>>> print(open('data.tsv').read())   # TSV, C-alpha atoms and all ligand atoms
chain	number	residue	atom	x	y	z
Z	19	MET	CA	-75.27	32.92	-12.85
Z	20	VAL	CA	-72.15	31.81	-14.68
Z	21	ILE	CA	-71.20	28.36	-13.41
Z	22	LEU	CA	-67.98	26.48	-14.08
Z	23	VAL	CA	-68.75	22.76	-14.02
Z	24	THR	CA	-65.80	20.37	-13.62
Z	25	GLY	CA	-66.56	16.89	-14.93
Z	26	GLY	CA	-69.52	18.31	-16.85
Z	27	ALA	CA	-69.22	15.74	-19.65
Z	28	GLY	CA	-69.76	12.88	-17.18
Z	29	TYR	CA	-72.92	11.10	-16.13
Z	30	ILE	CA	-74.21	13.38	-13.36
Z	31	GLY	CA	-72.43	16.45	-14.75
Z	32	SER	CA	-74.12	16.28	-18.16
Z	33	HIS	CA	-77.61	16.04	-16.61
Z	34	THR	CA	-76.79	18.93	-14.28
Z	35	CYS	CA	-75.48	21.10	-17.15
Z	36	LEU	CA	-78.81	20.57	-18.90
Z	37	GLU	CA	-80.75	21.66	-15.81
Z	38	LEU	CA	-78.49	24.69	-15.35
Z	39	LEU	CA	-79.05	25.80	-18.95
Z	40	ARG	CA	-82.79	25.23	-18.62
Z	41	ALA	CA	-82.84	27.37	-15.48
Z	42	GLY	CA	-81.18	30.20	-17.42
Z	43	HIS	CA	-77.60	29.89	-16.19
Z	44	GLN	CA	-74.47	30.03	-18.34
Z	45	VAL	CA	-72.23	26.97	-18.26
Z	46	ILE	CA	-68.48	26.51	-18.69
Z	47	VAL	CA	-67.38	22.86	-18.63
Z	48	VAL	CA	-63.87	21.71	-17.74
Z	49	ASP	CA	-63.37	17.99	-18.32
Z	50	ASN	CA	-60.35	15.91	-19.36
Z	51	LEU	CA	-62.70	13.28	-20.89
Z	52	CYS	CA	-60.90	10.46	-19.05
Z	53	ASN	CA	-64.27	8.79	-18.40
Z	54	SER	CA	-66.63	10.58	-20.76
Z	55	SER	CA	-67.26	11.80	-24.27
Z	56	ARG	CA	-67.42	15.27	-25.84
Z	57	GLU	CA	-70.60	14.02	-27.51
Z	58	ALA	CA	-72.43	14.22	-24.16
Z	59	VAL	CA	-71.84	17.98	-24.10
Z	60	ASN	CA	-72.99	18.31	-27.73
Z	61	ARG	CA	-76.21	16.51	-26.86
Z	62	VAL	CA	-76.85	18.69	-23.81
Z	63	GLU	CA	-76.46	21.75	-26.03
Z	64	LYS	CA	-78.98	20.32	-28.51
Z	65	LEU	CA	-81.50	19.40	-25.81
Z	66	ALA	CA	-81.27	22.84	-24.22
Z	67	GLY	CA	-80.98	24.78	-27.47
Z	68	LYS	CA	-78.12	26.71	-25.84
Z	69	SER	CA	-74.37	26.51	-26.01
Z	70	ILE	CA	-71.75	25.54	-23.47
Z	71	ILE	CA	-68.16	26.77	-23.33
Z	72	PHE	CA	-66.06	23.61	-23.23
Z	73	TYR	CA	-62.42	23.14	-22.18
Z	74	GLN	CA	-60.73	19.78	-22.40
Z	75	ALA	CA	-58.44	20.24	-19.42
Z	76	ASP	CA	-57.38	18.44	-16.26
Z	77	VAL	CA	-58.42	19.97	-12.95
Z	78	THR	CA	-55.06	18.98	-11.45
Z	79	ASP	CA	-53.31	21.16	-14.07
Z	80	GLU	CA	-52.95	24.43	-12.21
Z	81	ALA	CA	-51.61	26.42	-15.16
Z	82	ALA	CA	-54.45	25.30	-17.44
Z	83	LEU	CA	-57.04	26.12	-14.78
Z	84	ALA	CA	-55.52	29.53	-14.05
Z	85	ALA	CA	-55.69	30.36	-17.77
Z	86	ILE	CA	-59.40	29.41	-17.86
Z	87	PHE	CA	-60.26	31.45	-14.75
Z	88	ALA	CA	-58.25	34.42	-16.08
Z	89	GLN	CA	-60.20	34.22	-19.35
Z	90	HIS	CA	-63.61	34.19	-17.58
Z	91	THR	CA	-63.69	36.86	-14.92
Z	92	ASN	CA	-67.46	36.59	-14.45
Z	93	ILE	CA	-67.68	33.10	-12.88
Z	94	ASP	CA	-70.15	33.11	-9.96
Z	95	GLY	CA	-69.65	29.56	-8.75
Z	96	ILE	CA	-68.21	26.11	-9.33
Z	97	ILE	CA	-69.83	22.69	-9.30
Z	98	HIS	CA	-67.04	20.17	-8.81
Z	99	PHE	CA	-67.92	16.74	-10.24
Z	100	ALA	CA	-64.54	15.86	-11.75
Z	101	GLY	CA	-63.10	12.80	-10.10
Z	102	LEU	CA	-62.40	9.11	-10.45
Z	103	LYS	CA	-65.19	7.05	-8.94
Z	104	ALA	CA	-64.69	3.28	-9.28
Z	105	VAL	CA	-64.45	1.85	-5.77
Z	106	GLY	CA	-62.70	-1.40	-6.78
Z	107	GLU	CA	-60.21	0.38	-9.03
Z	108	SER	CA	-59.36	2.79	-6.20
Z	109	VAL	CA	-58.12	-0.17	-4.13
Z	110	VAL	CA	-55.80	-1.25	-6.95
Z	111	LYS	CA	-54.68	2.28	-7.91
Z	112	PRO	CA	-54.80	4.32	-4.69
Z	113	GLN	CA	-52.09	6.82	-5.76
Z	114	GLN	CA	-54.05	7.71	-8.91
Z	115	TYR	CA	-57.27	8.18	-6.92
Z	116	TYR	CA	-55.73	10.29	-4.14
Z	117	TYR	CA	-53.79	12.39	-6.66
Z	118	ASN	CA	-56.65	13.02	-9.05
Z	119	ASN	CA	-59.42	13.61	-6.52
Z	120	ILE	CA	-57.49	15.45	-3.83
Z	121	VAL	CA	-55.21	17.57	-6.02
Z	122	GLY	CA	-58.24	18.49	-8.14
Z	123	THR	CA	-60.03	19.82	-5.04
Z	124	LEU	CA	-56.89	21.64	-3.87
Z	125	VAL	CA	-56.26	23.31	-7.22
Z	126	LEU	CA	-59.88	24.44	-7.45
Z	127	SER	CA	-59.82	25.90	-3.95
Z	128	LYS	CA	-56.62	27.74	-4.84
Z	129	MET	CA	-58.31	29.15	-7.94
Z	130	MET	CA	-61.28	30.28	-5.85
Z	131	ALA	CA	-59.01	32.20	-3.50
Z	132	GLN	CA	-56.93	33.62	-6.36
Z	133	PHE	CA	-59.85	34.71	-8.53
Z	134	GLY	CA	-62.27	35.74	-5.79
Z	135	ILE	CA	-64.88	33.02	-6.41
Z	136	LYS	CA	-67.02	32.45	-3.35
Z	137	ASN	CA	-69.35	29.58	-4.23
Z	138	ILE	CA	-68.62	25.88	-4.65
Z	139	VAL	CA	-70.86	22.82	-4.72
Z	140	PHE	CA	-69.01	19.54	-4.20
Z	141	SER	CA	-70.09	16.01	-5.25
Z	142	SER	CA	-69.74	13.99	-2.10
Z	143	SER	CA	-71.13	10.58	-1.38
Z	144	ALA	CA	-73.07	8.58	1.20
Z	145	THR	CA	-69.86	6.57	1.55
Z	146	VAL	CA	-68.62	9.23	4.05
Z	147	TYR	CA	-71.11	7.88	6.61
Z	148	GLY	CA	-69.34	4.51	6.72
Z	149	GLU	CA	-71.29	1.90	8.67
Z	150	ASN	CA	-73.66	4.14	10.62
Z	151	GLU	CA	-77.21	3.67	11.83
Z	152	ILE	CA	-79.84	4.07	9.12
Z	153	PRO	CA	-81.20	6.33	7.83
Z	154	PHE	CA	-78.08	8.43	7.37
Z	155	VAL	CA	-78.55	11.97	8.69
Z	156	GLU	CA	-76.29	14.95	7.93
Z	157	THR	CA	-75.59	15.54	11.65
Z	158	MET	CA	-74.07	12.06	12.23
Z	159	SER	CA	-70.38	11.68	12.95
Z	160	LEU	CA	-68.79	10.45	9.78
Z	161	GLY	CA	-67.53	6.90	9.47
Z	162	VAL	CA	-64.39	5.33	8.12
Z	163	PRO	CA	-64.64	4.69	4.38
Z	164	THR	CA	-63.44	1.21	3.49
Z	165	ASN	CA	-61.60	2.20	0.30
Z	166	PRO	CA	-59.40	5.00	-1.13
Z	167	TYR	CA	-62.28	6.41	-3.23
Z	168	GLY	CA	-64.35	6.98	-0.09
Z	169	GLN	CA	-61.35	8.50	1.67
Z	170	THR	CA	-60.96	11.04	-1.16
Z	171	LYS	CA	-64.56	12.18	-0.59
Z	172	LEU	CA	-64.04	12.48	3.16
Z	173	MET	CA	-60.74	14.34	2.68
Z	174	SER	CA	-62.15	16.67	0.02
Z	175	GLU	CA	-65.04	17.53	2.36
Z	176	GLN	CA	-62.50	18.33	5.09
Z	177	ILE	CA	-60.35	20.47	2.76
Z	178	LEU	CA	-63.39	22.51	1.73
Z	179	LYS	CA	-64.59	22.85	5.34
Z	180	ASP	CA	-61.15	24.19	6.34
Z	181	MET	CA	-61.11	26.57	3.36
Z	182	ALA	CA	-64.49	27.91	4.49
Z	183	VAL	CA	-63.02	28.71	7.90
Z	184	ALA	CA	-60.13	30.59	6.30
Z	185	HIS	CA	-62.41	32.35	3.79
Z	186	GLN	CA	-65.46	33.24	5.83
Z	187	GLU	CA	-67.25	34.77	2.85
Z	188	TRP	CA	-67.29	31.43	0.99
Z	189	SER	CA	-70.39	29.26	0.54
Z	190	VAL	CA	-69.36	25.59	0.48
Z	191	VAL	CA	-72.14	23.12	-0.34
Z	192	LEU	CA	-71.41	19.42	0.25
Z	193	LEU	CA	-73.96	17.22	-1.49
Z	194	ARG	CA	-73.91	13.60	-0.38
Z	195	TYR	CA	-75.37	11.49	-3.16
Z	196	PHE	CA	-76.95	8.13	-2.55
Z	197	ASN	CA	-77.20	5.81	-5.62
Z	198	PRO	CA	-77.75	7.80	-8.85
Z	199	VAL	CA	-79.39	5.80	-11.65
Z	200	GLY	CA	-81.58	6.44	-14.69
Z	201	ALA	CA	-81.12	8.78	-17.62
Z	202	HIS	CA	-82.73	11.82	-19.16
Z	203	GLU	CA	-86.19	10.95	-20.48
Z	204	SER	CA	-85.18	11.96	-24.03
Z	205	GLY	CA	-82.81	8.96	-24.13
Z	206	GLN	CA	-80.11	11.33	-25.40
Z	207	ILE	CA	-77.88	11.44	-22.33
Z	208	GLY	CA	-77.19	8.76	-19.73
Z	209	GLU	CA	-74.53	6.69	-18.02
Z	210	ALA	CA	-71.92	5.28	-20.39
Z	211	PRO	CA	-69.56	3.09	-18.36
Z	212	GLN	CA	-66.33	2.02	-20.02
Z	213	GLY	CA	-65.85	-1.76	-20.01
Z	214	ILE	CA	-67.89	-3.96	-17.69
Z	215	PRO	CA	-70.04	-1.83	-15.37
Z	216	ASN	CA	-69.32	-1.90	-11.63
Z	217	ASN	CA	-72.72	-0.60	-10.59
Z	218	LEU	CA	-75.95	-2.52	-10.38
Z	219	MET	CA	-78.29	-0.59	-12.72
Z	220	PRO	CA	-75.96	-0.37	-15.75
Z	221	PHE	CA	-75.08	-4.06	-15.23
Z	222	ILE	CA	-78.78	-5.07	-15.25
Z	223	SER	CA	-79.35	-2.97	-18.32
Z	224	GLN	CA	-76.43	-4.51	-20.24
Z	225	VAL	CA	-77.61	-8.03	-19.35
Z	226	ALA	CA	-81.08	-7.11	-20.59
Z	227	ALA	CA	-79.52	-5.87	-23.83
Z	228	GLY	CA	-77.65	-9.16	-24.27
Z	229	ARG	CA	-74.21	-7.54	-23.90
Z	230	LEU	CA	-73.57	-9.49	-20.70
Z	231	GLU	CA	-74.74	-13.02	-19.98
Z	232	LYS	CA	-76.21	-12.72	-16.50
Z	233	LEU	CA	-76.32	-10.56	-13.40
Z	234	ASN	CA	-74.32	-11.69	-10.39
Z	235	ILE	CA	-76.22	-10.78	-7.23
Z	236	PHE	CA	-73.53	-10.26	-4.63
Z	237	GLY	CA	-75.00	-12.09	-1.65
Z	238	ASN	CA	-78.54	-13.07	-0.62
Z	239	ASP	CA	-77.76	-13.79	3.01
Z	240	TYR	CA	-77.77	-10.23	4.35
Z	241	PRO	CA	-80.05	-9.36	7.30
Z	242	THR	CA	-82.65	-7.75	5.00
Z	243	PRO	CA	-86.18	-8.98	4.14
Z	244	ASP	CA	-85.10	-10.76	0.92
Z	245	GLY	CA	-81.43	-11.22	1.88
Z	246	THR	CA	-80.05	-8.82	-0.76
Z	247	CYS	CA	-78.53	-5.40	-0.04
Z	248	ILE	CA	-80.69	-2.31	0.26
Z	249	ARG	CA	-79.77	1.07	-1.28
Z	250	ASP	CA	-81.42	4.43	-1.90
Z	251	TYR	CA	-81.62	4.77	-5.69
Z	252	ILE	CA	-82.19	8.30	-6.94
Z	253	HIS	CA	-83.02	9.38	-10.49
Z	254	VAL	CA	-80.16	11.38	-12.00
Z	255	CYS	CA	-82.57	14.12	-13.15
Z	256	ASP	CA	-83.78	14.60	-9.57
Z	257	LEU	CA	-80.14	14.80	-8.51
Z	258	ALA	CA	-79.43	17.38	-11.23
Z	259	GLU	CA	-82.36	19.49	-10.07
Z	260	GLY	CA	-81.02	19.26	-6.50
Z	261	HIS	CA	-77.77	20.90	-7.62
Z	262	VAL	CA	-79.50	23.81	-9.28
Z	263	ARG	CA	-81.73	24.31	-6.25
Z	264	ALA	CA	-78.76	24.19	-3.85
Z	265	LEU	CA	-76.82	26.66	-5.95
Z	266	GLU	CA	-79.70	29.10	-6.26
Z	267	LYS	CA	-80.62	28.94	-2.56
Z	268	LEU	CA	-77.14	28.96	-1.10
Z	269	ALA	CA	-75.04	31.13	-3.42
Z	270	ASP	CA	-73.41	33.87	-1.34
Z	271	LYS	CA	-74.79	32.40	1.92
Z	272	SER	CA	-71.48	31.97	3.65
Z	273	GLY	CA	-70.59	28.84	5.57
Z	274	VAL	CA	-70.66	25.08	5.02
Z	275	HIS	CA	-73.97	23.54	3.97
Z	276	VAL	CA	-74.38	19.75	3.93
Z	277	TYR	CA	-77.28	17.91	2.29
Z	278	ASN	CA	-78.16	14.32	1.55
Z	279	LEU	CA	-79.54	13.88	-1.95
Z	280	GLY	CA	-81.54	10.68	-1.82
Z	281	THR	CA	-85.17	9.62	-1.85
Z	282	GLY	CA	-85.35	8.30	1.71
Z	283	GLN	CA	-86.58	4.95	0.34
Z	284	GLY	CA	-84.62	1.72	0.44
Z	285	THR	CA	-84.82	-0.79	-2.44
Z	286	SER	CA	-83.15	-4.20	-2.44
Z	287	VAL	CA	-81.11	-5.62	-5.32
Z	288	MET	CA	-83.87	-8.17	-5.92
Z	289	GLN	CA	-86.60	-5.51	-5.86
Z	290	LEU	CA	-84.71	-3.36	-8.38
Z	291	LEU	CA	-84.16	-6.34	-10.68
Z	292	THR	CA	-87.84	-7.34	-10.50
Z	293	ALA	CA	-88.98	-3.76	-11.12
Z	294	PHE	CA	-86.69	-3.49	-14.16
Z	295	GLU	CA	-88.13	-6.72	-15.62
Z	296	ARG	CA	-91.73	-5.70	-14.94
Z	297	VAL	CA	-91.50	-2.11	-16.21
Z	298	ASN	CA	-89.61	-3.00	-19.36
Z	299	GLN	CA	-91.31	-6.37	-19.90
Z	300	LEU	CA	-88.18	-8.42	-20.29
Z	301	HIS	CA	-86.23	-11.13	-18.53
Z	302	VAL	CA	-82.86	-10.59	-16.86
Z	303	PRO	CA	-81.06	-13.83	-15.99
Z	304	TYR	CA	-79.18	-13.82	-12.69
Z	305	THR	CA	-77.19	-15.97	-10.35
Z	306	ILE	CA	-76.43	-15.62	-6.65
Z	307	ALA	CA	-72.73	-14.90	-6.18
Z	308	PRO	CA	-70.63	-14.45	-3.03
Z	309	ARG	CA	-70.85	-11.14	-1.15
Z	310	ARG	CA	-68.73	-8.30	-2.56
Z	311	ALA	CA	-65.99	-7.10	-0.20
Z	312	GLY	CA	-66.80	-3.83	1.56
Z	313	ASP	CA	-70.58	-3.87	0.89
Z	314	ILE	CA	-72.87	-2.62	3.66
Z	315	ALA	CA	-76.15	-4.55	4.10
Z	316	ALA	CA	-78.50	-1.58	3.97
Z	317	PHE	CA	-78.44	2.19	3.85
Z	318	TYR	CA	-80.71	4.98	2.74
Z	319	ALA	CA	-80.98	8.71	3.29
Z	320	ASP	CA	-82.85	10.86	5.68
Z	321	ALA	CA	-83.67	13.32	2.90
Z	322	SER	CA	-85.75	15.68	5.02
Z	323	LYS	CA	-83.16	18.48	5.41
Z	324	ALA	CA	-83.01	19.16	1.66
Z	325	GLU	CA	-86.81	19.27	1.53
Z	326	ARG	CA	-87.08	21.54	4.54
Z	327	GLU	CA	-84.33	23.98	3.64
Z	328	LEU	CA	-84.00	23.81	-0.15
Z	329	GLY	CA	-87.59	22.96	-1.02
Z	330	TRP	CA	-86.23	20.04	-3.05
Z	331	ARG	CA	-87.20	16.40	-2.99
Z	332	ALA	CA	-86.83	13.52	-5.41
Z	333	VAL	CA	-90.04	13.02	-7.38
Z	334	ARG	CA	-89.20	10.21	-9.83
Z	335	ASP	CA	-89.90	6.65	-8.68
Z	336	ILE	CA	-88.14	3.32	-9.25
Z	337	GLU	CA	-90.32	2.66	-12.30
Z	338	ALA	CA	-89.16	5.90	-13.96
Z	339	MET	CA	-85.55	5.01	-13.11
Z	340	CYS	CA	-85.92	1.58	-14.78
Z	341	ARG	CA	-87.82	2.90	-17.81
Z	342	ASP	CA	-85.40	5.75	-18.48
Z	343	THR	CA	-82.34	3.53	-18.05
Z	344	TRP	CA	-83.71	1.09	-20.58
Z	345	ARG	CA	-84.67	3.82	-23.08
Z	346	TRP	CA	-81.12	5.21	-22.92
Z	347	GLN	CA	-79.67	1.67	-23.30
Z	348	THR	CA	-81.78	0.79	-26.32
Z	349	MET	CA	-81.20	4.11	-28.06
Z	350	ASN	CA	-77.43	4.05	-27.40
Z	351	SER	CA	-76.37	0.42	-27.30
Z	352	HIS	CA	-72.68	1.37	-27.06
Z	353	GLY	CA	-72.97	4.59	-25.09
Z	354	TYR	CA	-71.86	7.68	-26.99
Z	355	ASP	CA	-69.64	5.74	-29.45
Z	401	LIG	P1	-68.33	10.28	-14.31
Z	401	LIG	O1	-67.07	9.49	-14.35
Z	401	LIG	O2	-69.36	9.99	-15.34
Z	401	LIG	O3	-68.00	11.84	-14.35
Z	401	LIG	C1	-66.80	12.38	-13.84
Z	401	LIG	C2	-66.24	13.29	-14.92
Z	401	LIG	O4	-65.03	13.88	-14.43
Z	401	LIG	C3	-65.87	12.53	-16.21
Z	401	LIG	O5	-66.40	13.25	-17.30
Z	401	LIG	C4	-64.35	12.54	-16.23
Z	401	LIG	O6	-63.85	12.59	-17.54
Z	401	LIG	C5	-64.05	13.83	-15.45
Z	401	LIG	N1	-62.76	13.85	-14.76
Z	401	LIG	C6	-62.23	12.93	-13.91
Z	401	LIG	N2	-61.03	13.34	-13.47
Z	401	LIG	C7	-60.81	14.57	-14.04
Z	401	LIG	C8	-59.75	15.50	-13.95
Z	401	LIG	N3	-58.66	15.27	-13.23
Z	401	LIG	N4	-59.86	16.64	-14.67
Z	401	LIG	C9	-60.95	16.91	-15.43
Z	401	LIG	N5	-61.97	16.05	-15.55
Z	401	LIG	C10	-61.91	14.89	-14.85
Z	401	LIG	O7	-68.93	10.11	-12.84
Z	401	LIG	P2	-70.33	10.58	-12.24
Z	401	LIG	O8	-71.09	9.37	-11.87
Z	401	LIG	O9	-70.95	11.58	-13.11
Z	401	LIG	O10	-69.84	11.24	-10.89
Z	401	LIG	C11	-69.62	12.63	-10.76
Z	401	LIG	C12	-69.14	12.91	-9.35
Z	401	LIG	O11	-70.10	12.43	-8.41
Z	401	LIG	C13	-67.83	12.21	-9.00
Z	401	LIG	O12	-67.06	13.07	-8.20
Z	401	LIG	C14	-68.29	11.02	-8.19
Z	401	LIG	O13	-67.31	10.59	-7.29
Z	401	LIG	C15	-69.50	11.58	-7.46
Z	401	LIG	N6	-70.44	10.55	-7.05
Z	401	LIG	C16	-70.93	9.68	-7.96
Z	401	LIG	C17	-71.79	8.66	-7.55
Z	401	LIG	C18	-72.32	7.64	-8.54
Z	401	LIG	O14	-72.76	6.58	-8.12
Z	401	LIG	N7	-72.32	7.92	-9.86
Z	401	LIG	C19	-72.17	8.57	-6.21
Z	401	LIG	C20	-71.68	9.49	-5.31
Z	401	LIG	C21	-70.81	10.49	-5.74
Z	402	LIG	N1	-74.58	-5.37	-6.97
Z	402	LIG	C1	-74.81	-6.65	-7.40
Z	402	LIG	N2	-74.32	-7.02	-8.64
Z	402	LIG	C2	-73.63	-6.16	-9.43
Z	402	LIG	C3	-73.41	-4.84	-8.98
Z	402	LIG	C4	-73.90	-4.49	-7.73
Z	402	LIG	O1	-75.42	-7.46	-6.72
Z	402	LIG	O2	-73.20	-6.56	-10.52
Z	402	LIG	C5	-75.10	-4.95	-5.65
Z	402	LIG	C6	-74.03	-4.50	-4.69
Z	402	LIG	O3	-73.51	-5.59	-3.97
Z	402	LIG	C7	-74.80	-3.51	-3.81
Z	402	LIG	C8	-75.87	-2.94	-4.75
Z	402	LIG	O4	-75.94	-3.84	-5.85
Z	402	LIG	O5	-75.44	-4.22	-2.79
Z	402	LIG	C9	-75.51	-1.55	-5.28
Z	402	LIG	O6	-74.19	-1.59	-5.79
Z	402	LIG	P1	-73.58	-0.42	-6.63
Z	402	LIG	O7	-72.16	-0.82	-6.99
Z	402	LIG	O8	-74.48	-0.06	-7.76
Z	402	LIG	O9	-73.59	0.81	-5.63
Z	402	LIG	P2	-72.89	1.03	-4.19
Z	402	LIG	O10	-74.01	1.15	-3.22
Z	402	LIG	O11	-71.98	-0.11	-3.92
Z	402	LIG	O12	-72.16	2.32	-4.38
>>> encode(input="data.tsv", output="structure tokens", more="lines below")
Ligand code: NAD
Ligand code: UDP
Amino acid sequence: MVILVTGGAGYIGSHTCLELLRAGHQVIVVDNLCNSSREAVNRVEKLAGKSIIFYQADVTDEAALAAIFAQHTNIDGIIHFAGLKAVGESVVKPQQYYYNNIVGTLVLSKMMAQFGIKNIVFSSSATVYGENEIPFVETMSLGVPTNPYGQTKLMSEQILKDMAVAHQEWSVVLLRYFNPVGAHESGQIGEAPQGIPNNLMPFISQVAAGRLEKLNIFGNDYPTPDGTCIRDYIHVCDLAEGHVRALEKLADKSGVHVYNLGTGQGTSVMQLLTAFERVNQLHVPYTIAPRRAGDIAAFYADASKAERELGWRAVRDIEAMCRDTWRWQTMNSHGYD
């Protein structure tokens, strides 16, 4: 298949492009590089030994997108990763988040209708469940996200669901990611946050590397066995494989298809920190800090639907996630720069 990947230079996008190439698909990337580097795409090409068609363009730029779709009349499907994703920043800059993430989804759906493209896979998030019972199951009523970022995921899901009603031949796949971590085992591609990381794993890894002084654990008084929050960490390569599997199984199967991509296992902040220290044989200083606003005590996926229907499940464990993160960190101390 010929797949147009928006946000393909980013963290999850780059790993997915590699898997797509490995599975024999052709890849066209559209990315404005607002949170990524062209070098990530170069490295994916080297790892795969195949080339990618790359456009530095903004998915909210309708004219630019129309020109790309007009140029490539053989596109079979879209994977839509492009979006802004920092929860805290979305509270400070809601207009930017709603504009970028919602208009991007709207422009892409317009392009699909205009150019007769029937398949789209969308990067959603476990945040759409809000504060539900755990584990989160696809059939649950969705919750109320506590920040503009989460709202953009909920709204984009709704836009695509409505488009699928109006275009009954479309296949819309909504993939709800849990907590992606890790890096490709080559150490060539990984997560390269700009500035101080917001997320736990890159923060731990930068403390271990001596770039940051210590980890702040946001609360140890949650109702969990060790008092720290529990999440479902999933290796980014498992996530990438999940996309390829979803695309191959569901292309041209009309309707809306929703899947959790998680491991089904919960790991606490303290357990992740201890595993990182043990696996990589190093010490990560930490301090207990106040709770972070908006955090939920514990959530993890019911990942059984993806296994049952797609024949996909996450196979890499927490140790692999910690080892691969650290390999990427030590081989690329300042990301792609
Ligand atoms: P990322 O920031 O590394 O990748 C996003 C990519 O999109 C970047 O390369 C960025 O330059 C590009 N981009 C952003 N806005 C764009 C626009 N208007 N036009 C063109 N390109 C644009 O983030 P990621 O972690 O790889 O996340 C990919 C997707 O998965 C995002 O939609 C994110 O919300 C979603 N997601 C991520 C997580 C996570 O924890 N990483 C969890 C759930 C969902
Ligand atoms: N966390 C932490 N210190 C940090 C970053 C995160 O203690 O510097 C905690 C956070 O409170 C949450 C968990 O780690 O309980 C995962 O946070 P992350 O931001 O990685 O993902 P989220 O689940 O919030 O999307």
>>> closest_atom_pairs(input="data.tsv", of="chain Z", to="ligand LIG 401 (chain Z)", cutoff="9 Å", atoms="all atoms listed in the file", output="CSV")
residue,atom,partner,partner_atom,distance
Z:Thr24,CA,Z:LIG401,N5,6.1
Z:Gly25,CA,Z:LIG401,O4,3.4
Z:Gly26,CA,Z:LIG401,O5,6.0
Z:Ala27,CA,Z:LIG401,O5,4.4
Z:Gly28,CA,Z:LIG401,O5,3.4
Z:Tyr29,CA,Z:LIG401,O9,3.6
Z:Ile30,CA,Z:LIG401,O9,3.7
Z:Gly31,CA,Z:LIG401,O9,5.3
Z:Ser32,CA,Z:LIG401,O9,7.6
Z:His33,CA,Z:LIG401,O9,8.7
Z:Val48,CA,Z:LIG401,C9,6.1
Z:Asp49,CA,Z:LIG401,N5,3.7
Z:Asn50,CA,Z:LIG401,C9,4.1
Z:Leu51,CA,Z:LIG401,O6,3.6
Z:Cys52,CA,Z:LIG401,O6,3.9
Z:Asn53,CA,Z:LIG401,O6,3.9
Z:Ser54,CA,Z:LIG401,O5,4.4
Z:Ser55,CA,Z:LIG401,O5,7.2
Z:Arg56,CA,Z:LIG401,O5,8.8
Z:Gln74,CA,Z:LIG401,C9,7.5
Z:Ala75,CA,Z:LIG401,C9,5.8
Z:Asp76,CA,Z:LIG401,N4,3.5
Z:Val77,CA,Z:LIG401,N4,4.0
Z:Thr78,CA,Z:LIG401,N3,5.5
Z:Asp79,CA,Z:LIG401,N4,8.0
Z:His98,CA,Z:LIG401,O12,7.1
Z:Phe99,CA,Z:LIG401,C12,4.1
Z:Ala100,CA,Z:LIG401,O4,3.4
Z:Gly101,CA,Z:LIG401,C6,3.9
Z:Leu102,CA,Z:LIG401,C6,5.2
Z:Lys103,CA,Z:LIG401,O13,4.4
Z:Ala104,CA,Z:LIG401,O13,8.0
Z:Tyr117,CA,Z:LIG401,N3,8.7
Z:Asn118,CA,Z:LIG401,N3,5.2
Z:Asn119,CA,Z:LIG401,N3,7.0
Z:Val121,CA,Z:LIG401,N3,8.3
Z:Gly122,CA,Z:LIG401,N3,6.0
Z:Phe140,CA,Z:LIG401,O12,7.9
Z:Ser141,CA,Z:LIG401,O11,4.8
Z:Ser142,CA,Z:LIG401,C21,5.2
Z:Ser143,CA,Z:LIG401,C20,4.1
Z:Ala144,CA,Z:LIG401,C20,6.7
Z:Thr145,CA,Z:LIG401,C20,7.7
Z:Tyr167,CA,Z:LIG401,O13,7.7
Z:Gly168,CA,Z:LIG401,O13,8.6
Z:Thr170,CA,Z:LIG401,O13,8.8
Z:Lys171,CA,Z:LIG401,O13,7.4
Z:Leu193,CA,Z:LIG401,C21,8.6
Z:Arg194,CA,Z:LIG401,C20,6.8
Z:Tyr195,CA,Z:LIG401,C20,4.7
Z:Phe196,CA,Z:LIG401,C19,6.0
Z:Asn197,CA,Z:LIG401,O14,5.2
Z:Pro198,CA,Z:LIG401,O14,5.2
Z:Val199,CA,Z:LIG401,O14,7.6
Z:Glu209,CA,Z:LIG401,O2,6.7
Z:Ala210,CA,Z:LIG401,O2,7.4
Z:Pro211,CA,Z:LIG401,O2,7.5
Z:Asn217,CA,Z:LIG401,O14,7.6
Z:Val254,CA,Z:LIG401,N7,8.8
>>> atom_distance(input="data.tsv", atom1="atom C5 of ligand LIG 402 (chain Z)", atom2="CA of Pro215 (chain Z)")
11.4 Å
>>> atom_distance(input="data.tsv", atom1="atom O1 of ligand LIG 402 (chain Z)", atom2="CA of Leu192 (chain Z)")
28.1 Å
>>> atom_distance(input="data.tsv", atom1="atom P1 of ligand LIG 402 (chain Z)", atom2="CA of Leu126 (chain Z)")
28.4 Å
>>> closest_atom_pairs(input="data.tsv", of="chain Z", to="ligand LIG 402 (chain Z)", cutoff="6 Å", atoms="all atoms listed in the file", output="Markdown table")
| residue | atom | partner | partner_atom | distance |
| --- | --- | --- | --- | --- |
| Z:Asn216 | CA | Z:LIG402 | O7 | 5.5 |
| Z:Asn217 | CA | Z:LIG402 | O8 | 3.4 |
| Z:Leu218 | CA | Z:LIG402 | C3 | 3.7 |
| Z:Phe221 | CA | Z:LIG402 | O2 | 5.7 |
| Z:Leu233 | CA | Z:LIG402 | O2 | 5.8 |
| Z:Asn234 | CA | Z:LIG402 | N2 | 5.0 |
| Z:Ile235 | CA | Z:LIG402 | O1 | 3.5 |
| Z:Phe236 | CA | Z:LIG402 | O1 | 4.0 |
| Z:Cys247 | CA | Z:LIG402 | O5 | 4.3 |
| Z:Val287 | CA | Z:LIG402 | O4 | 5.5 |
| Z:Arg310 | CA | Z:LIG402 | O3 | 5.7 |
| Z:Asp313 | CA | Z:LIG402 | O3 | 5.9 |
